[in-house]
Amino acid sequence: MYGNFWENLRNAFKHTDNSLYKLIAINILVFFAVLVVRVFMTIGGLGNLYAEALQYLMMPASLSRLITQPWSIFTYMFLHEGIFHILFNMLFLYWFGQLVHQFLGSRKLTNLYILGGMAGAAFYVLIYNLAPYFSESIDSSLMLGASAGVFAIVVGAATLSPNTTFFLILIGPVKIKYIAMFYVLLSFANSAGANAGGELAHLGGALLGYLYIVQLRRGVDLGVPVQKVGIFFEDLFSGKRRQKVKVSYRKPKSSGSFSSFTKSTKSSPKPVDPAETTQEEIDKILDKIADRGYEALNKEEKRKLFEFSKK
């Protein structure tokens with residue numbers, strides 16, 4: 001990251017390796033674009049046309065309708081209408097996204113968000129088409145919002161570092177594993193309520209977030225296809241292929257921080273007991289991720305990173 005929140009958000013598309021702010025910026029820009037269109041069309045007597053057009057960006061529960069608008073599995077996860085809806089989604093994305101970014105880097109944060117949104121959509125469609133309770137509402141059910149992707153990041157962060165503590169107003173310090181468990185249980189309890197589709201999407205995103213980290217610990221990155229698509233479009237819009245040799249930016253180190261980036265060396269650290277892993281070794285591993293990606297780590301480095309995250 002390059003400065004305070006507003007500076008990072010304002011310059012989100014001017015920097016690399018800051019997908020957290022890009023995701024927040026895209027959601028906010030889409031929200032205000034939709035807001036402006038809604039106001040002008042409603043005032044102009046075209047409110048019904050606006051509502052009908054918006055449905056083509058929302059995620060339908062009906063399989064027959066989904067076939068005619070397959071893009072909605074991506075567009076719905078950047079779409080909000082209510083101010084509090086986007087506010088709480090972006091707050092959770094920011095709080096938990098910082099932790100994922102520090103541990104895994106920018107690309108894997110995007111992987112979690114996109115895969116979580118897709119998993120939430122798939123789970124929503126699956127349950128609506130299989131459960132008798134929803135049989136009468138399939139054709140009329142539509143969904144929007146970033147919640148599934150955000151839940152994937154929340155649960156992913158809690159799986160990565162369950163004992164990290166957030167200070168909550170009126171409650172005090174709470175470990176993030178308990179925050180994640182509370183919201184997952186709340187979504188399960190409300191999955192037969194008025195916002196059943198959204199709650200089911202939360203559960204699908206949460207399951208993906210957990211599975212993503214578990215598989216990553218085993219050396220399998222489920223987000224490789226998403227990452228390759230992202231790199232393709234980066235290359236397309238930049239007009240040139242990515243440079244193989246990169247110059248990294250070094251930030252000042254701070255005690256207990258996971259955000260220092262330096263140029264990595266080719267030699268791998270010698271295996272040591274996880275309890276003896278030092279902050280300096282973790283910084284070197286994170287430097288290597290920033291420079292060459294998670295896949296460049298050897299098994300010992302991956303083990304050290306995840307064992308250290310449990311402390």
# chains A, B, ... in the order shown; residues from 1 in each chain; ligands from 1
>>> select_by_dssp(residues="stretch 1-144 of chain A", states="helix (DSSP H, G or I)", output="PyMOL selection string")
chain A and resi 5-10+19-43+47-55+63-68+72-78+83-104+106-130+132-134
>>> write_last_selection(atoms="C-alpha atoms", output="short mmCIF file (atom, residue, chain, number, x, y, z; two decimals), in the first residue's frame")
data_model
loop_
_atom_site.label_atom_id
_atom_site.label_comp_id
_atom_site.auth_asym_id
_atom_site.auth_seq_id
_atom_site.Cartn_x
_atom_site.Cartn_y
_atom_site.Cartn_z
CA PHE A 5 -7.00 5.03 2.82
CA TRP A 6 -8.30 7.91 0.71
CA GLU A 7 -5.01 8.37 -1.09
CA ASN A 8 -4.87 4.67 -1.93
CA LEU A 9 -8.47 4.68 -3.07
CA ARG A 10 -8.02 7.78 -5.23
CA SER A 19 -6.21 -5.14 -5.65
CA LEU A 20 -7.92 -4.40 -2.33
CA TYR A 21 -8.36 -0.76 -3.29
CA LYS A 22 -9.20 -1.64 -6.89
CA LEU A 23 -12.05 -3.89 -5.73
CA ILE A 24 -13.37 -1.20 -3.39
CA ALA A 25 -13.06 1.47 -6.09
CA ILE A 26 -14.88 -0.62 -8.70
CA ASN A 27 -17.74 -1.32 -6.31
CA ILE A 28 -18.06 2.37 -5.40
CA LEU A 29 -17.87 3.57 -9.02
CA VAL A 30 -20.52 1.07 -10.13
CA PHE A 31 -22.73 2.05 -7.20
CA PHE A 32 -22.68 5.75 -8.09
CA ALA A 33 -23.08 5.05 -11.80
CA VAL A 34 -26.19 2.97 -11.10
CA LEU A 35 -27.45 5.64 -8.69
CA VAL A 36 -27.17 8.41 -11.28
CA VAL A 37 -28.87 6.32 -13.96
CA ARG A 38 -31.68 5.36 -11.58
CA VAL A 39 -32.39 8.95 -10.55
CA PHE A 40 -32.44 10.33 -14.10
CA MET A 41 -34.49 7.48 -15.52
CA THR A 42 -36.98 7.61 -12.67
CA ILE A 43 -37.42 11.37 -12.99
CA GLY A 47 -38.33 3.80 -13.81
CA ASN A 48 -39.79 0.53 -15.10
CA LEU A 49 -37.23 0.39 -17.90
CA TYR A 50 -34.43 0.96 -15.38
CA ALA A 51 -35.68 -1.86 -13.14
CA GLU A 52 -35.93 -4.19 -16.10
CA ALA A 53 -32.44 -3.32 -17.36
CA LEU A 54 -30.92 -3.79 -13.90
CA GLN A 55 -32.23 -7.33 -13.77
CA LEU A 63 -31.17 -21.81 -14.88
CA SER A 64 -33.08 -21.01 -18.07
CA ARG A 65 -32.66 -17.30 -17.41
CA LEU A 66 -29.02 -17.65 -16.42
CA ILE A 67 -28.27 -19.24 -19.79
CA THR A 68 -29.48 -16.05 -21.52
CA SER A 72 -24.47 -11.90 -14.48
CA ILE A 73 -22.38 -14.39 -12.49
CA PHE A 74 -19.66 -11.70 -12.55
CA THR A 75 -21.64 -8.45 -12.73
CA TYR A 76 -23.85 -9.19 -9.71
CA MET A 77 -20.86 -9.22 -7.34
CA PHE A 78 -20.06 -5.55 -8.07
CA ILE A 83 -26.12 2.72 0.75
CA PHE A 84 -25.86 0.54 3.86
CA HIS A 85 -25.56 -2.58 1.72
CA ILE A 86 -22.40 -1.34 0.01
CA LEU A 87 -21.11 0.38 3.16
CA PHE A 88 -20.98 -2.76 5.28
CA ASN A 89 -19.70 -4.91 2.44
CA MET A 90 -16.83 -2.51 1.76
CA LEU A 91 -15.97 -2.15 5.44
CA PHE A 92 -15.65 -5.92 5.85
CA LEU A 93 -13.74 -6.17 2.57
CA TYR A 94 -11.30 -3.51 3.79
CA TRP A 95 -10.81 -4.88 7.33
CA PHE A 96 -10.31 -8.52 6.42
CA GLY A 97 -8.83 -7.85 2.99
CA GLN A 98 -5.82 -6.12 4.54
CA LEU A 99 -4.96 -9.28 6.42
CA VAL A 100 -5.25 -11.50 3.33
CA HIS A 101 -3.16 -9.00 1.35
CA GLN A 102 -0.42 -8.99 3.97
CA PHE A 103 -0.20 -12.78 4.10
CA LEU A 104 -0.84 -13.80 0.49
CA SER A 106 -2.67 -8.77 -4.07
CA ARG A 107 -3.46 -11.44 -6.67
CA LYS A 108 -4.68 -14.03 -4.20
CA LEU A 109 -6.96 -11.46 -2.60
CA THR A 110 -8.59 -11.01 -6.02
CA ASN A 111 -8.75 -14.77 -6.44
CA LEU A 112 -10.65 -15.10 -3.17
CA TYR A 113 -13.11 -12.34 -4.04
CA ILE A 114 -13.91 -13.59 -7.57
CA LEU A 115 -14.03 -17.28 -6.67
CA GLY A 116 -16.09 -16.50 -3.57
CA GLY A 117 -18.59 -14.55 -5.67
CA MET A 118 -18.83 -17.38 -8.19
CA ALA A 119 -19.17 -20.03 -5.48
CA GLY A 120 -21.88 -17.99 -3.78
CA ALA A 121 -23.79 -17.69 -7.05
CA ALA A 122 -23.44 -21.42 -7.75
CA PHE A 123 -24.64 -22.41 -4.27
CA TYR A 124 -27.57 -20.00 -4.52
CA VAL A 125 -28.68 -21.45 -7.89
CA LEU A 126 -28.12 -25.04 -6.71
CA ILE A 127 -30.23 -24.76 -3.55
CA TYR A 128 -33.01 -22.78 -5.23
CA ASN A 129 -33.34 -25.44 -7.91
CA LEU A 130 -33.14 -28.43 -5.56
CA PRO A 132 -38.81 -27.64 -2.58
CA TYR A 133 -39.10 -24.57 -0.33
CA PHE A 134 -37.92 -22.31 -3.17
#
>>> closest_residue(among="A:Ile176, A:Ala189, A:Ala201, A:Met181", to="A:Ser161", atoms="only C-alpha atoms")
A:Ile176
>>> atom_distance(atom1="atom CA of A:His80", atom2="atom CA of A:Tyr56")
13.7 Å
>>> atom_distance(atom1="atom CA of A:Gln69", atom2="atom CA of A:Asn195")
22.1 Å
>>> closest_residue(among="A:Leu168, A:Met58, A:Ala157, A:Leu144", to="A:Gly209", atoms="only C-alpha atoms")
A:Ala157
>>> closest_residue(among="A:Asn11, A:Asn18, A:Gln215, A:Ser147", to="A:Val184", atoms="only C-alpha atoms")
A:Ser147
>>> residues_around(residues="A:Leu200", least_positions_apart="2", cutoff="6 Å", atoms="only C-alpha atoms", output="list in words")
Tyr124, Ser191, Gly197, Gly198, His202 and Leu203 of chain A
>>> closest_residue(among="A:Ala180, A:Val150, A:Lys228, A:Glu300", to="A:Thr164", atoms="only C-alpha atoms")
A:Ala180
>>> closest_atom_pairs(of="stretch 169-213 of chain A", to="stretch 220-227 of chain A", cutoff="10 Å", atoms="only C-alpha atoms", output="tab-separated table")
residue	atom	partner	partner_atom	distance
A:Leu208	CA	A:Leu222	CA	9.7
A:Leu211	CA	A:Leu222	CA	8.9
A:Tyr212	CA	A:Leu222	CA	6.3
A:Ile213	CA	A:Asp221	CA	8.5
